[in-house]
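Q: Pasting entry06.cif below, which is mmCIF, C-alpha atoms.
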data_target
#
loop_
_atom_site.label_atom_id
_atom_site.label_comp_id
_atom_site.auth_asym_id
_atom_site.auth_seq_id
_atom_site.Cartn_x
_atom_site.Cartn_y
_atom_site.Cartn_z
CA MET A 331 118.69 50.23 86.06
CA ILE A 332 121.93 50.01 84.01
CA PRO A 333 120.41 47.70 81.35
CA LYS A 334 117.59 50.22 80.82
CA ILE A 335 120.11 53.06 80.41
CA VAL A 336 122.02 50.98 77.86
CA LEU A 337 118.74 50.23 76.08
CA GLY A 338 117.99 53.96 75.99
CA LEU A 339 121.40 54.64 74.47
CA PHE A 340 120.78 51.92 71.88
CA ILE A 341 117.40 53.34 70.88
CA ILE A 342 118.67 56.93 70.65
CA SER A 343 121.79 55.99 68.66
CA THR A 344 119.76 53.76 66.35
CA LEU A 345 117.26 56.55 65.61
CA ILE A 346 120.07 59.02 64.92
CA GLN A 347 121.78 56.52 62.61
CA ILE A 348 118.55 55.94 60.70
CA ALA A 349 118.07 59.73 60.44
CA TYR A 350 121.54 60.11 58.89
CA TRP A 351 120.84 57.49 56.26
CA ILE A 352 117.25 58.56 55.46
CA ILE A 353 117.41 62.34 55.85
CA MET A 354 120.95 63.03 54.64
CA PHE A 355 122.30 60.24 52.48
CA VAL A 356 119.17 59.09 50.66
CA LYS A 357 119.03 62.47 48.89
CA LEU A 358 122.34 61.67 47.21
CA SER A 359 121.13 58.22 46.16
CA HIS A 360 118.40 59.82 44.02
CA ARG A 361 120.69 62.39 42.42
CA THR A 362 120.97 62.24 38.65
CA PRO A 363 124.54 61.30 37.67
CA PHE A 364 124.42 62.93 34.23
CA PRO A 365 123.98 66.71 34.49
CA GLU A 366 123.37 68.71 31.34
CA LYS A 367 126.52 70.23 29.83
CA LYS A 368 125.44 73.86 29.91
CA CYS A 369 128.54 76.04 29.71
CA LYS A 370 131.83 76.20 27.84
CA HIS A 371 134.62 77.99 29.68
CA PRO A 372 138.33 78.04 28.98
CA VAL A 373 139.76 75.87 31.75
CA THR A 374 143.23 75.17 33.12
CA THR A 375 144.13 71.97 34.93
CA ILE A 376 146.76 72.57 37.61
CA ILE A 377 149.02 69.81 38.93
CA CYS A 378 151.80 70.19 41.48
CA ALA A 379 154.47 67.52 41.17
CA ARG A 380 157.47 66.67 43.31
CA ASN A 381 159.51 63.62 42.26
CA GLU A 382 156.67 62.22 40.17
CA ALA A 383 158.53 61.19 36.99
CA GLU A 384 156.99 57.70 36.89
CA ASN A 385 153.42 58.91 37.46
CA LEU A 386 153.78 61.75 34.96
CA ASN A 387 154.98 59.37 32.24
CA LYS A 388 152.07 57.07 33.01
CA ASN A 389 149.19 59.52 33.47
CA LEU A 390 149.87 62.92 31.94
CA HIS A 391 148.98 62.00 28.36
CA ARG A 392 145.39 61.24 29.45
CA ILE A 393 145.02 64.77 30.79
CA LEU A 394 146.75 66.38 27.83
CA ASN A 395 144.58 64.49 25.33
CA GLN A 396 141.19 65.62 26.57
CA ASN A 397 138.52 66.16 23.90
CA TYR A 398 137.66 69.64 25.16
CA HIS A 399 139.35 72.18 22.90
CA LEU A 400 139.32 74.97 25.52
CA HIS A 401 141.38 72.92 27.97
CA ARG A 402 145.04 73.46 28.84
CA LEU A 403 147.41 72.04 31.45
CA LEU A 404 149.71 73.90 33.82
CA LEU A 405 152.14 71.82 35.84
CA VAL A 406 154.22 73.14 38.73
CA ASN A 407 157.50 71.33 39.28
CA ASP A 408 157.90 71.67 43.04
CA ASN A 409 161.66 71.32 43.55
CA SER A 410 161.89 67.75 42.22
CA THR A 411 165.19 65.90 42.62
CA ASP A 412 164.43 62.97 40.29
CA THR A 413 163.99 63.05 36.50
CA THR A 414 160.70 64.99 36.70
CA PRO A 415 162.18 68.16 35.06
CA GLU A 416 163.47 66.17 32.08
CA VAL A 417 160.15 64.37 31.66
CA LEU A 418 158.24 67.64 31.72
CA LEU A 419 160.55 69.41 29.27
CA ASN A 420 160.14 66.52 26.84
CA ILE A 421 156.35 66.69 27.13
CA GLN A 422 156.38 70.46 26.71
CA LYS A 423 158.09 70.13 23.31
CA ASN A 424 155.14 68.15 21.93
CA HIS A 425 152.14 69.92 23.47
CA LYS A 426 151.28 73.56 22.84
CA THR A 427 148.55 73.52 25.52
CA PHE A 428 151.05 72.59 28.24
CA THR A 429 152.72 75.17 30.51
CA LEU A 430 155.56 74.32 32.86
CA VAL A 431 156.24 76.41 35.96
CA ASN A 432 159.21 75.77 38.21
CA ALA A 433 158.27 76.55 41.78
CA GLU A 434 160.42 78.80 43.87
CA LYS A 435 161.85 77.51 47.13
CA THR A 436 159.05 76.90 49.63
CA PRO A 437 158.74 80.00 51.82
CA GLU A 438 159.17 79.59 55.55
CA GLY A 439 155.86 79.21 57.35
CA MET A 440 154.08 77.58 54.41
CA PRO A 441 154.77 73.81 54.45
CA GLY A 442 153.21 71.33 52.05
CA LYS A 443 152.32 72.14 48.46
CA LYS A 444 150.32 75.32 49.09
CA ALA A 445 153.15 77.60 47.95
CA ALA A 446 153.62 75.68 44.70
CA LEU A 447 149.87 75.53 44.09
CA THR A 448 149.53 79.25 44.73
CA GLN A 449 152.22 79.91 42.15
CA GLY A 450 150.40 77.69 39.67
CA ILE A 451 147.11 79.50 40.23
CA GLU A 452 148.79 82.88 39.80
CA ASN A 453 150.26 81.75 36.46
CA ALA A 454 146.97 80.38 35.10
CA ASP A 455 145.36 82.60 32.46
CA THR A 456 141.81 81.24 32.80
CA ASP A 457 139.30 81.89 35.57
CA VAL A 458 138.06 78.29 35.77
CA LEU A 459 140.66 75.98 37.29
CA LEU A 460 140.68 72.19 37.60
CA MET A 461 142.72 70.56 40.36
CA THR A 462 144.20 67.06 40.37
CA ASP A 463 147.40 65.17 41.27
CA ALA A 464 150.19 63.53 39.30
CA ASP A 465 149.20 60.03 40.42
CA CYS A 466 145.67 60.42 38.99
CA TYR A 467 144.14 59.88 35.57
CA PRO A 468 140.68 60.81 34.24
CA ALA A 469 138.05 58.14 33.68
CA SER A 470 137.39 59.53 30.21
CA ALA A 471 138.59 62.06 27.65
CA ASP A 472 135.54 64.18 28.54
CA TRP A 473 136.57 64.83 32.16
CA ALA A 474 137.59 68.47 31.67
CA GLU A 475 134.51 69.38 29.65
CA ILE A 476 132.08 67.76 32.09
CA MET A 477 133.64 69.38 35.17
CA GLN A 478 133.83 72.90 33.71
CA SER A 479 130.37 72.68 32.18
CA GLN A 480 128.75 72.86 35.64
CA MET A 481 130.14 76.37 36.20
CA ASP A 482 127.51 79.06 35.67
CA GLU A 483 127.20 82.68 36.74
CA LYS A 484 126.45 81.69 40.37
CA THR A 485 128.72 78.66 40.68
CA GLU A 486 132.33 79.03 41.81
CA ILE A 487 133.15 75.51 43.06
CA ILE A 488 132.57 72.05 41.59
CA LEU A 489 133.20 69.02 43.80
CA GLY A 490 134.07 65.85 41.90
CA PHE A 491 134.76 62.25 42.89
CA SER A 492 138.12 60.50 42.85
CA PRO A 493 137.90 56.72 43.40
CA TYR A 494 140.87 54.43 43.86
CA ASN A 495 141.81 51.60 41.53
CA LYS A 496 140.22 48.26 42.36
CA GLN A 497 142.81 45.70 43.47
CA LYS A 498 142.93 42.50 45.48
CA GLY A 499 142.89 42.35 49.26
CA TRP A 500 140.96 43.69 52.24
CA LEU A 501 143.08 46.84 52.52
CA ASN A 502 142.04 47.89 49.03
CA LYS A 503 138.37 47.24 49.82
CA LEU A 504 138.62 49.30 53.01
CA ILE A 505 140.40 52.18 51.26
CA ARG A 506 137.75 52.31 48.53
CA PHE A 507 134.93 51.97 51.09
CA ASP A 508 136.42 54.82 53.12
CA THR A 509 136.62 56.92 49.94
CA VAL A 510 132.93 56.29 49.16
CA MET A 511 131.91 57.11 52.74
CA ILE A 512 133.86 60.39 52.70
CA ALA A 513 132.42 61.33 49.31
CA MET A 514 128.94 60.42 50.50
CA GLN A 515 129.36 62.84 53.39
CA TYR A 516 130.80 65.82 51.54
CA PHE A 517 128.39 65.42 48.62
CA THR A 518 125.30 65.25 50.85
CA MET A 519 126.49 68.15 52.99
CA ALA A 520 126.97 70.22 49.83
CA LEU A 521 123.46 69.30 48.67
CA ALA A 522 122.16 70.36 52.09
CA GLY A 523 123.77 73.79 51.67
CA MET A 524 126.64 73.06 54.08
CA PRO A 525 129.68 72.28 51.89
CA TYR A 526 132.71 71.53 54.04
CA MET A 527 135.35 69.79 51.90
CA GLY A 528 136.40 68.42 48.56
CA VAL A 529 139.34 66.34 47.43
CA GLY A 530 142.23 67.96 45.61
CA ARG A 531 142.38 65.03 43.20
CA ASN A 532 139.21 66.22 41.48
CA MET A 533 137.68 69.63 42.04
CA ALA A 534 137.25 72.90 40.21
CA TYR A 535 137.02 76.48 41.36
CA ARG A 536 137.42 79.99 40.02
CA LYS A 537 140.69 81.87 40.19
CA SER A 538 138.70 84.96 41.13
CA LEU A 539 137.28 83.10 44.14
CA PHE A 540 140.78 82.09 45.23
CA ALA A 541 141.87 85.74 45.12
CA LYS A 542 138.70 87.03 46.76
CA THR A 543 138.99 84.68 49.76
CA GLY A 544 142.70 85.21 50.31
CA GLY A 545 143.86 81.84 48.94
CA PHE A 546 145.57 79.68 51.56
CA GLU A 547 146.59 82.59 53.80
CA LYS A 548 144.29 81.66 56.69
CA HIS A 549 145.72 78.14 57.00
CA LYS A 550 149.12 78.52 55.35
CA SER A 551 150.94 77.07 58.38
CA ILE A 552 149.12 73.72 58.03
CA ALA A 553 150.90 71.31 55.66
CA SER A 554 147.67 69.74 54.40
CA GLY A 555 144.32 71.32 53.62
CA ASP A 556 144.92 72.86 50.20
CA ASP A 557 141.60 71.25 49.26
CA ASP A 558 139.29 70.79 52.27
CA LEU A 559 140.39 73.84 54.28
CA PHE A 560 140.09 76.02 51.19
CA ILE A 561 136.53 74.73 50.67
CA GLN A 562 135.85 75.45 54.35
CA GLN A 563 136.58 79.14 53.83
CA ALA A 564 135.35 79.63 50.26
CA ALA A 565 132.27 77.42 49.79
CA THR A 566 128.73 78.63 50.45
CA ALA A 567 125.26 77.18 50.10
CA THR A 568 124.83 78.88 46.72
CA ASN A 569 128.26 78.81 45.04
CA THR A 570 128.97 75.06 45.20
CA LYS A 571 127.81 72.15 43.02
CA ILE A 572 128.65 68.45 42.87
CA CYS A 573 129.36 66.32 39.79
CA LEU A 574 128.48 62.60 39.78
CA ASP A 575 128.93 61.83 36.10
CA GLN A 576 131.12 58.71 36.00
CA ASP A 577 133.03 60.12 33.02
CA SER A 578 134.12 62.99 35.28
CA PHE A 579 135.77 60.75 37.88
CA MET A 580 139.50 61.07 38.48
CA ILE A 581 141.03 57.69 39.31
CA SER A 582 143.97 57.34 41.67
CA GLU A 583 146.42 54.68 42.82
CA PRO A 584 145.64 53.48 46.38
CA LYS A 585 148.10 52.96 49.19
CA HIS A 586 149.58 49.47 49.29
CA SER A 587 150.38 49.11 52.98
CA TRP A 588 148.46 49.63 56.21
CA LYS A 589 151.16 52.04 57.40
CA GLU A 590 150.78 54.25 54.32
CA PHE A 591 147.00 54.25 54.66
CA PHE A 592 147.25 55.05 58.37
CA THR A 593 149.50 58.06 57.64
CA GLN A 594 147.16 59.28 54.89
CA LYS A 595 144.12 59.01 57.17
CA ALA A 596 145.94 60.59 60.11
CA ARG A 597 146.75 63.59 57.92
CA HIS A 598 143.09 63.94 56.94
CA ILE A 599 141.79 63.58 60.51
CA THR A 600 144.22 66.12 61.95
CA THR A 601 143.26 68.58 59.20
CA GLY A 602 139.65 68.05 60.29
CA LYS A 603 140.45 69.76 63.60
CA SER A 604 140.40 73.02 61.64
CA TYR A 605 136.87 72.46 60.29
CA LYS A 606 134.01 74.65 61.47
CA SER A 607 132.45 73.43 64.72
CA HIS A 608 129.09 72.41 63.26
CA HIS A 609 130.82 70.37 60.54
CA GLN A 610 132.94 68.59 63.13
CA ILE A 611 129.86 67.80 65.24
CA ILE A 612 127.87 66.40 62.31
CA LEU A 613 130.75 64.20 61.15
CA ALA A 614 131.68 63.02 64.65
CA MET A 615 128.09 62.21 65.61
CA PHE A 616 127.79 59.81 62.70
CA LEU A 617 130.70 57.68 63.94
CA ILE A 618 129.85 58.06 67.64
CA THR A 619 126.25 56.94 67.20
CA LEU A 620 127.34 54.00 65.04
CA PHE A 621 129.77 52.95 67.79
CA VAL A 622 127.14 53.29 70.54
CA HIS A 623 124.56 51.43 68.43
CA LEU A 624 126.86 48.44 67.89
CA ILE A 625 128.40 48.30 71.39
CA SER A 626 125.12 48.71 73.28
CA GLY A 627 123.26 46.38 70.92
CA PHE A 628 125.73 43.52 71.03
CA GLY A 629 126.30 44.12 74.74
CA LEU A 630 122.61 43.60 75.56
CA LEU A 631 122.33 40.63 73.20
CA SER A 632 125.27 38.95 74.93
CA GLN A 633 123.33 39.24 78.19
CA LEU A 634 120.13 38.00 76.53
CA MET A 635 118.33 41.24 77.39
CA PHE A 636 115.68 43.02 75.30
CA ILE A 637 116.39 40.57 72.48
CA ARG A 638 113.38 41.47 70.32
CA ILE A 639 113.91 45.23 70.56
CA ILE A 640 117.65 45.02 69.90
CA THR A 641 117.30 42.56 67.03
CA ALA A 642 114.56 44.62 65.39
CA GLY A 643 116.55 47.85 65.78
CA MET A 644 119.77 46.39 64.40
CA ILE A 645 118.04 44.74 61.44
CA LEU A 646 116.12 47.92 60.62
CA ARG A 647 119.21 50.15 60.70
CA MET A 648 121.28 47.68 58.71
CA THR A 649 118.56 47.25 56.07
CA ILE A 650 118.22 51.00 55.56
CA ALA A 651 121.96 51.70 55.59
CA TRP A 652 122.82 48.78 53.31
CA GLY A 653 120.09 49.74 50.84
CA VAL A 654 121.08 53.41 50.64
CA PHE A 655 124.79 52.56 50.43
CA THR A 656 124.10 50.12 47.58
CA LYS A 657 122.41 52.86 45.58
CA ILE A 658 125.18 55.40 46.24
CA ALA A 659 127.95 52.86 45.53
CA GLY A 660 126.31 52.28 42.15
CA LEU A 661 126.43 56.01 41.38
CA LEU A 662 130.10 56.07 42.40
CA LYS A 663 131.03 52.99 40.39
CA SER A 664 131.85 50.95 43.50
CA GLU A 665 129.13 48.30 43.30
CA ASP A 666 131.46 45.45 44.30
CA LEU A 667 131.72 46.87 47.83
CA THR A 668 128.03 46.43 48.60
CA ARG A 669 128.20 42.68 49.29
CA TRP A 670 130.80 43.36 51.98
CA PHE A 671 128.96 46.30 53.56
CA PRO A 672 128.47 44.95 57.15
CA LEU A 673 132.12 43.88 57.47
CA LEU A 674 133.48 47.00 55.77
CA GLU A 675 131.35 49.29 57.94
CA THR A 676 132.68 47.60 61.08
CA SER A 677 136.28 47.77 59.82
CA TYR A 678 135.76 51.43 58.89
CA LEU A 679 134.52 52.21 62.40
CA LEU A 680 137.36 50.31 64.11
CA PHE A 681 139.99 51.97 61.93
CA ASN A 682 138.65 55.41 62.80
CA ILE A 683 138.66 54.54 66.50
CA ILE A 684 142.30 53.44 66.26
CA LEU A 685 143.11 56.73 64.52
CA THR A 686 141.55 58.90 67.23
CA PRO A 687 144.74 59.26 69.34
CA THR A 688 146.50 60.79 66.32
CA LEU A 689 144.42 63.92 66.85
CA LEU A 690 146.73 64.64 69.79
CA THR A 691 150.05 63.42 68.39
CA PHE A 692 150.21 63.55 64.57
CA LYS A 693 151.47 66.78 62.99
CA PRO A 694 152.06 66.65 59.23
CA THR A 695 154.91 68.90 58.10
CA LYS A 696 155.32 68.04 54.41
CA TRP A 697 153.32 66.73 51.47
CA LYS A 698 155.93 64.51 49.79
#
Output the structure of this file as structure tokens.
A:
Amino acid sequence: MIPKIVLGLFIISTLIQIAYWIIMFVKLSHRTPFPEKKCKHPVTTIICARNEAENLNKNLHRILNQNYHLHRLLLVNDNSTDTTPEVLLNIQKNHKTFTLVNAEKTPEGMPGKKAALTQGIENADTDVLLMTDADCYPASADWAEIMQSQMDEKTEIILGFSPYNKQKGWLNKLIRFDTVMIAMQYFTMALAGMPYMGVGRNMAYRKSLFAKTGGFEKHKSIASGDDDLFIQQAATATNTKICLDQDSFMISEPKHSWKEFFTQKARHITTGKSYKSHHQIILAMFLITLFVHLISGFGLLSQLMFIRIITAGMILRMTIAWGVFTKIAGLLKSEDLTRWFPLLETSYLLFNIILTPTLLTFKPTKWK
């Protein structure tokens, strides 16, 4: 009786997994990566920086030297104690399109960078705003133009992609795989009319939308979530677009230790507790069914039961998933990950299982 129940769980989880890859993710794999540049809006890039002197010296010139002539940069110095103020003042002398704002002391009850970001948004004099971080740099000098060009009369949010630098080691592969998987999910959900998050390293939205939805007021007590929780409250099926043009990517430096990556992921997972219920269910079911598929499948194979059914089911799911992931990884300039897909998928699942207890214990209180 028990083996048949396990077999039933395997079949159900396998079918659900196949449905995710075919119904949801395959749509993204056929998306054109080069949208037409339709509009030209004045646009302001906003960066909040706290103790980022090294990153600003390394990356800021790539943002300041964008080809788009209607682009300007506004940087909020969020109470830095290193040489960040001196670096920014020096840059300001040489760039007329650069505005420096010194953030006020973080108000009580609003941890993280939301207070500084709110101040930056209030000081911006364009409606279209681009968001990124000090440790990021654009893949091309056309980043700003490509991202803003997707804004039309109905569009208020553009979700971009922010990959991590390719480096040696399994940790780097897992970080970049995790980034592709997350992007795959929020891009496909947006295409399905259910946008639920974006990454603050590369997204655009209208200042008027920020004001209309009350900014970060609804989740101001949560240290993280200036990106995904804002999208949760502001995005709709009709006001959100995605941008897959590789010249619009915003590249970032990955974590270099397992501890740093664990903390970063724990912050993201705990923020996810504030997502809408149907978003949480869709995201959780993907991981749960993958876990059940693998555990039940290998469990029955170890007992030499239902070998043909299990083998056929596992091969079919892996073939579909691997094929779709390969196509999406190509769109997201992460082709090197495809050869490692089975091992990376297993590592990704195990890492998320290990992180699960943090939902009860981890409480982020600051952003830097």
Q: Run the PyMOL selection byres ((chain A and resi 541-545) around 10) against the file shown and list the residues it catches, as a ChimeraX atom specification.
A: /A:444,447-448,451-452,536-540,546-550,556,560,563-565
Q: Between A:Ile393, A:Leu504, A:Ile487, A:Ala446, which residue has the minimum interatomic distance to Ile581 (chain A), considering all atoms listed in the file?
A: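 Between A:Ile393, A:Leu504, A:Ile487, A:Ala446, the residue approaching Ile581 (chain A) most closely is A:Ile393.
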Q: Do you know which residues lie at most 12 Å from (116.5, 49.5, 61.6), with coordinates as in the file and only C-alpha atoms counted, and could you write them as a ChimeraX atom specification?
A: /A:340-349,351-352,623,627,639-653
Q: When distances are computed from all atoms listed in the file, which of A:Glu382, A:Asp455, A:Asp408, A:Glu416 shows the smallest separation from Asn432 (chain A)?
A: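 Closest residue, counting all atoms listed in the file: A:Asp408.
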Q: Got a sec: who's within 10 Å of region 509-523 of chain A, counting all atoms listed in the file, leaving out chain neighbours fewer than 2 positions off, as a CSV table (one decimal) with C-alpha atoms, keeping the file's coordinate frame?
A:
chain,number,residue,atom,x,y,z
A,350,TYR,CA,121.5,60.1,58.9
A,353,ILE,CA,117.4,62.3,55.8
A,354,MET,CA,121.0,63.0,54.6
A,355,PHE,CA,122.3,60.2,52.5
A,356,VAL,CA,119.2,59.1,50.7
A,357,LYS,CA,119.0,62.5,48.9
A,358,LEU,CA,122.3,61.7,47.2
A,359,SER,CA,121.1,58.2,46.2
A,361,ARG,CA,120.7,62.4,42.4
A,489,LEU,CA,133.2,69.0,43.8
A,490,GLY,CA,134.1,65.8,41.9
A,491,PHE,CA,134.8,62.2,42.9
A,492,SER,CA,138.1,60.5,42.8
A,493,PRO,CA,137.9,56.7,43.4
A,494,TYR,CA,140.9,54.4,43.9
A,503,LYS,CA,138.4,47.2,49.8
A,504,LEU,CA,138.6,49.3,53.0
A,505,ILE,CA,140.4,52.2,51.3
A,506,ARG,CA,137.8,52.3,48.5
A,507,PHE,CA,134.9,52.0,51.1
A,525,PRO,CA,129.7,72.3,51.9
A,526,TYR,CA,132.7,71.5,54.0
A,527,MET,CA,135.4,69.8,51.9
A,528,GLY,CA,136.4,68.4,48.6
A,529,VAL,CA,139.3,66.3,47.4
A,558,ASP,CA,139.3,70.8,52.3
A,565,ALA,CA,132.3,77.4,49.8
A,566,THR,CA,128.7,78.6,50.4
A,567,ALA,CA,125.3,77.2,50.1
A,568,THR,CA,124.8,78.9,46.7
A,569,ASN,CA,128.3,78.8,45.0
A,570,THR,CA,129.0,75.1,45.2
A,571,LYS,CA,127.8,72.2,43.0
A,572,ILE,CA,128.6,68.4,42.9
A,573,CYS,CA,129.4,66.3,39.8
A,574,LEU,CA,128.5,62.6,39.8
A,609,HIS,CA,130.8,70.4,60.5
A,612,ILE,CA,127.9,66.4,62.3
A,613,LEU,CA,130.8,64.2,61.2
A,616,PHE,CA,127.8,59.8,62.7
A,655,PHE,CA,124.8,52.6,50.4
A,658,ILE,CA,125.2,55.4,46.2
A,659,ALA,CA,128.0,52.9,45.5
A,662,LEU,CA,130.1,56.1,42.4
A,663,LYS,CA,131.0,53.0,40.4
A,664,SER,CA,131.8,51.0,43.5
A,667,LEU,CA,131.7,46.9,47.8
A,675,GLU,CA,131.4,49.3,57.9
A,678,TYR,CA,135.8,51.4,58.9
Q: When you count all atoms listed in the file, which of these residues is closest to Thr600 (chain A): A:Leu685, A:Ile561, A:Met477, A:Leu617?
A: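 Smallest separation from Thr600 (chain A) among the options: A:Leu685.
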Q: Enumerate, as a list of chain:residue names, the residues matched when the PyMOL selection byres ((chain A and resi 415) around 12) is run on the file above.
A: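 Taken over the shown coordinates, the PyMOL selection byres ((chain A and resi 415) around 12) returns A:Ala379, A:Arg380, A:Asn381, A:Glu382, A:Ala383, A:Glu384, A:Leu386, A:Asn387, A:Leu405, A:Val406, A:Asn407, A:Asp408, A:Asn409, A:Ser410, A:Thr411, A:Asp412, A:Thr413, A:Thr414, A:Glu416, A:Val417, A:Leu418, A:Leu419, A:Asn420, A:Ile421, A:Gln422, A:Leu430, A:Val431, A:Asn432, A:Ala433.
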